[in-house]
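These notes concern the structure reproduced below.
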Amino acid sequence: MGLQKCGGCLSCLLIPLAVWSIVINILLYFPDGKSLYASNNDLTNYVWYFEGICFSGIMMLMLAALLIILDQDSFHTCCQNESCTKTYRRFISVVLALLGISFSGYSLIISALGLVQGPYCRTPAGWEYPFKDTAGSYLMDPTVWSQCSEPAYIVEWNIILFSILITLSGLQILICCLKVIAELKRILCGTYPVFVQPALI
C-alpha cells in the first residue's frame, strides 16, 4: 500500500510542474511586459519550439492524468485475474513515464540551447543574437549584457525564465525516472506476478 501511495504522489507532483512550465513559457513571449516583440517576431527562435507549453506542459498534464487513473484501485479490470490487471497497468505506467522523460528531456534541451544562445535583441548593429558565438560564457559576464538595449532587461528575462524551465523539466525527468523504477520494482520484485498463474481446481 505504501508503494502504491508513493507512485500516486509522484504522478500528482507532475501536475503543478506542468502548469508552471506553461506559465513560464508564456512569459517568454512578453519581455518587458509587452506583446509587441512577439507580434514582430523579435524573440529568440527557441521560444517558438513551445517546449514549456506543449511538451513539459500540456503533454505532461495528459500523462499525469493517465498515470493517476492507472494508480486507482477502481480501474476497470482487463482480465479475470486481479493480479493480471494490475500487471498490465504497471506496464502501461512504465511506458507513459518513459514518454514523460522524452517530453521533459526535449523541453530541457531546447531551454538549455536557448539559454546558451542568448536573447535576440536590439544592439548598436541592429537586431541580432549578440551572444550566439560565446558558447554561454556571457552568462558569467554581466558587463556585456548592456549590449542589448531592447527589450529592456531581456538578458535577465531570458536567463531567469529559461533557467526555471530547465529546473522544472529536470524535476519532471527525475519524477518520471522514479516512477519507472517504482513500477518496475512492483512488476519484477513480486508485488504483482508478470504471468498469470492458472487457478487450482
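Identifiers for the C-alpha cells are assigned positionally: chains receive A, B, ... in sequence, residues are indexed from 1 per chain, and ligands are indexed from 1 in the order shown.
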> Quick one: residues within 12 Å of Trp20 in chain A, only C-alpha atoms counted, chain neighbours fewer than 4 positions away excluded, as JSON, numbers by chain?
Replying inline: {"A": [13, 14, 15, 16, 24, 25, 26, 27, 52, 53, 56, 57, 58, 60, 61, 161, 164, 165, 166, 167, 168, 169, 171, 172]}
> Within 9 Å of Tyr29 in chain A, counting only C-alpha atoms, which residues qualify if same-chain residues fewer than 6 places away don't, as a PyMOL selection string?
Replying inline: chain A and resi 35+37-38+43+47
File dump, residues just selected, all heavy atoms, as a compact mmCIF listing (two decimals), in the first residue's frame:
# COMPACT_ATOMS: atom_id res chain seq x y z
N SER A 35 3.56 42.77 -25.72
CA SER A 35 3.32 41.75 -26.75
C SER A 35 3.88 42.17 -28.11
O SER A 35 3.87 41.39 -29.06
CB SER A 35 1.81 41.50 -26.89
OG SER A 35 1.14 42.69 -27.28
N TYR A 37 6.90 42.60 -29.19
CA TYR A 37 8.06 41.84 -29.68
C TYR A 37 7.65 40.48 -30.25
O TYR A 37 8.24 40.01 -31.23
CB TYR A 37 9.08 41.67 -28.56
CG TYR A 37 9.52 42.99 -27.98
CD1 TYR A 37 9.07 43.43 -26.74
CD2 TYR A 37 10.35 43.84 -28.71
CE1 TYR A 37 9.45 44.66 -26.23
CE2 TYR A 37 10.74 45.07 -28.21
CZ TYR A 37 10.28 45.48 -26.97
OH TYR A 37 10.64 46.71 -26.47
N ALA A 38 6.64 39.87 -29.67
CA ALA A 38 6.15 38.59 -30.20
C ALA A 38 5.47 38.80 -31.54
O ALA A 38 5.67 38.02 -32.49
CB ALA A 38 5.20 37.94 -29.21
N LEU A 43 11.83 37.85 -31.02
CA LEU A 43 12.13 36.99 -29.87
C LEU A 43 13.12 35.92 -30.30
O LEU A 43 13.22 35.59 -31.48
CB LEU A 43 10.85 36.32 -29.34
CG LEU A 43 9.74 37.23 -28.83
CD1 LEU A 43 8.51 36.40 -28.51
CD2 LEU A 43 10.19 38.01 -27.61
N VAL A 47 11.91 30.15 -28.41
CA VAL A 47 10.61 30.23 -27.73
C VAL A 47 9.50 29.69 -28.63
O VAL A 47 8.42 29.36 -28.16
CB VAL A 47 10.27 31.69 -27.32
CG1 VAL A 47 11.36 32.27 -26.45
CG2 VAL A 47 10.02 32.57 -28.53
Do you know which residues are at most 8 Å from Arg90 in chain A counting only C-alpha atoms, after dropping those on the same chain fewer than 4 positions away, and could you put them as a PDB file with C-alpha atoms, in the first residue's frame?
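Full text of part16.pdb as output:
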ATOM      1  CA  LEU A  70      -3.899   3.888 -13.609  1.00  0.00           C
ATOM      2  CA  LYS A  86      -2.518  -4.711 -12.070  1.00  0.00           C
ATOM      3  CA  VAL A  94       6.165   2.466 -17.277  1.00  0.00           C
ATOM      4  CA  GLU A 183       6.666   0.388 -11.263  1.00  0.00           C
ATOM      5  CA  LEU A 184       9.440  -1.964 -12.417  1.00  0.00           C
ATOM      6  CA  ARG A 186       6.427  -3.771  -8.371  1.00  0.00           C
ATOM      7  CA  ILE A 187       6.489  -5.916 -11.518  1.00  0.00           C
TER       8      ILE A 187
END
> Could you write out, as a VMD selection string, all the residues of range 73-157 of chain A that DSSP marks as strand (DSSP E)?
Replying inline: chain A and resid 121 to 123 126 to 128
Mind dumping the selected residues with all heavy atoms as a CSV table (one decimal), in the first residue's frame?
chain,number,residue,atom,x,y,z
A,121,CYS,N,18.0,40.5,-29.6
A,121,CYS,CA,17.7,41.9,-29.1
A,121,CYS,C,18.3,42.9,-30.0
A,121,CYS,O,19.1,42.7,-30.9
A,121,CYS,CB,18.3,42.0,-27.7
A,121,CYS,SG,20.1,41.8,-27.6
A,122,ARG,N,18.0,44.2,-29.7
A,122,ARG,CA,18.5,45.3,-30.5
A,122,ARG,C,19.8,45.7,-29.9
A,122,ARG,O,20.0,45.9,-28.7
A,122,ARG,CB,17.5,46.5,-30.4
A,122,ARG,CG,18.0,47.7,-31.3
A,122,ARG,CD,17.2,48.9,-31.0
A,122,ARG,NE,15.8,48.8,-31.5
A,122,ARG,CZ,15.4,49.0,-32.7
A,122,ARG,NH1,16.3,49.4,-33.6
A,122,ARG,NH2,14.1,48.8,-33.1
A,123,THR,N,20.8,45.8,-30.7
A,123,THR,CA,22.2,46.2,-30.4
A,123,THR,C,22.5,47.4,-31.2
A,123,THR,O,21.8,47.8,-32.2
A,123,THR,CB,23.2,45.1,-30.6
A,123,THR,OG1,23.3,44.9,-32.0
A,123,THR,CG2,22.7,43.8,-29.9
A,126,GLY,N,22.0,46.7,-34.7
A,126,GLY,CA,20.7,46.3,-35.2
A,126,GLY,C,20.2,45.0,-34.4
A,126,GLY,O,20.8,44.6,-33.4
A,127,TRP,N,19.1,44.4,-34.8
A,127,TRP,CA,18.6,43.2,-34.2
A,127,TRP,C,19.4,42.0,-34.5
A,127,TRP,O,19.6,41.7,-35.7
A,127,TRP,CB,17.1,43.0,-34.6
A,127,TRP,CG,16.2,44.0,-34.0
A,127,TRP,CD1,15.8,45.2,-34.5
A,127,TRP,CD2,15.5,43.8,-32.7
A,127,TRP,NE1,14.9,45.8,-33.6
A,127,TRP,CE2,14.7,45.0,-32.5
A,127,TRP,CE3,15.5,42.8,-31.7
A,127,TRP,CZ2,13.9,45.2,-31.4
A,127,TRP,CZ3,14.7,43.0,-30.6
A,127,TRP,CH2,13.9,44.2,-30.5
A,128,GLU,N,19.9,41.3,-33.5
A,128,GLU,CA,20.8,40.2,-33.7
A,128,GLU,C,20.9,39.3,-32.4
A,128,GLU,O,20.3,39.7,-31.4
A,128,GLU,CB,22.2,40.6,-34.1
A,128,GLU,CG,22.8,41.5,-33.1
A,128,GLU,CD,24.2,41.9,-33.5
A,128,GLU,OE1,24.8,41.4,-34.5
A,128,GLU,OE2,24.8,42.8,-32.8
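Nearest residue to Lys34 in chain A, choosing from A:Ile22, A:Ala125, A:Ile69, A:Ala152 and counting only C-alpha atoms: A:Ala152.
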> Near Leu113 in chain A, within 10 Å and counting only C-alpha atoms, which residues show up once chain neighbours fewer than 4 positions away are dropped, as a list in words?
Replying inline: Tyr46, Ser107, Leu108, Ile109, Gln117, Gly118, Ala135, Gly136 and Phe162 of chain A
Could you save those same residues with C-alpha atoms as an mmCIF file, in the first residue's frame?
data_model
loop_
_atom_site.group_PDB
_atom_site.id
_atom_site.type_symbol
_atom_site.label_atom_id
_atom_site.label_comp_id
_atom_site.auth_asym_id
_atom_site.auth_seq_id
_atom_site.Cartn_x
_atom_site.Cartn_y
_atom_site.Cartn_z
ATOM 1 C CA TYR A 46 13.813 28.844 -29.266
ATOM 2 C CA SER A 107 11.985 20.772 -23.108
ATOM 3 C CA LEU A 108 15.206 20.715 -21.089
ATOM 4 C CA ILE A 109 17.408 20.514 -24.210
ATOM 5 C CA GLN A 117 22.471 31.094 -27.444
ATOM 6 C CA GLY A 118 21.258 34.166 -25.582
ATOM 7 C CA ALA A 135 29.122 29.329 -26.020
ATOM 8 C CA GLY A 136 27.229 30.630 -22.997
ATOM 9 C CA PHE A 162 14.926 29.539 -19.350
#
> Where does DSSP see helix (DSSP H, G or I) in chain A, if you list the residues as a PyMOL selection string?
Replying inline: chain A and resi 2-27+31-33+36-39+45-49+51-70+82-117+132-134+137-140+142-147+154-188
I'd like the neighbourhood of Leu174 in chain A as a compact mmCIF listing (two decimals) with N, CA, C and O atoms, in the first residue's frame, where a residue qualifies if any of its atoms comes within 10 Å (using only C-alpha atoms), though same-chain residues fewer than 5 positions away should be ignored.
# COMPACT_ATOMS: atom_id res chain seq x y z
N LEU A 10 3.87 10.68 -6.83
CA LEU A 10 4.78 11.07 -7.90
C LEU A 10 4.00 11.57 -9.10
O LEU A 10 4.37 12.58 -9.72
N ILE A 101 9.61 11.20 -19.75
CA ILE A 101 11.05 11.51 -19.76
C ILE A 101 11.45 12.12 -21.10
O ILE A 101 12.22 13.09 -21.15
N SER A 104 9.92 15.78 -21.35
CA SER A 104 10.65 16.71 -20.47
C SER A 104 12.08 16.89 -20.94
O SER A 104 12.64 17.98 -20.83
N LEU A 168 12.35 22.97 -13.98
CA LEU A 168 11.07 22.26 -13.99
C LEU A 168 11.16 20.98 -14.82
O LEU A 168 10.66 19.93 -14.39
N SER A 169 11.80 21.06 -15.97
CA SER A 169 11.95 19.87 -16.81
C SER A 169 12.81 18.83 -16.13
O SER A 169 12.53 17.63 -16.20
N LYS A 179 9.25 7.08 -11.06
CA LYS A 179 8.02 6.34 -11.37
C LYS A 179 8.35 5.04 -12.09
O LYS A 179 7.79 3.99 -11.78
N VAL A 180 9.25 5.11 -13.06
CA VAL A 180 9.66 3.91 -13.79
C VAL A 180 10.27 2.89 -12.84
O VAL A 180 9.93 1.70 -12.88
> What gap, in Å, lies between CA of Cys148 in chain A and CA of Tyr49 in chain A?
Replying inline: 22.8 Å
> Using only C-alpha atoms, which residues sit within 12 Å of Leu66 in chain A once same-chain residues fewer than 5 positions away are excluded, as a VMD selection string?
Replying inline: chain A and resid 8 11 to 12 14 to 15 59 to 61 71 to 72 75 89 to 90 92 to 97 99 to 100
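Between CA of Ser149 in chain A and CA of Glu51 in chain A the separation is 26.6 Å.
Taking only C-alpha atoms into account, Phe103 in chain A lies nearest to A:Phe55 out of the set A:Phe30, A:Trp157, A:Phe55, A:Trp48.
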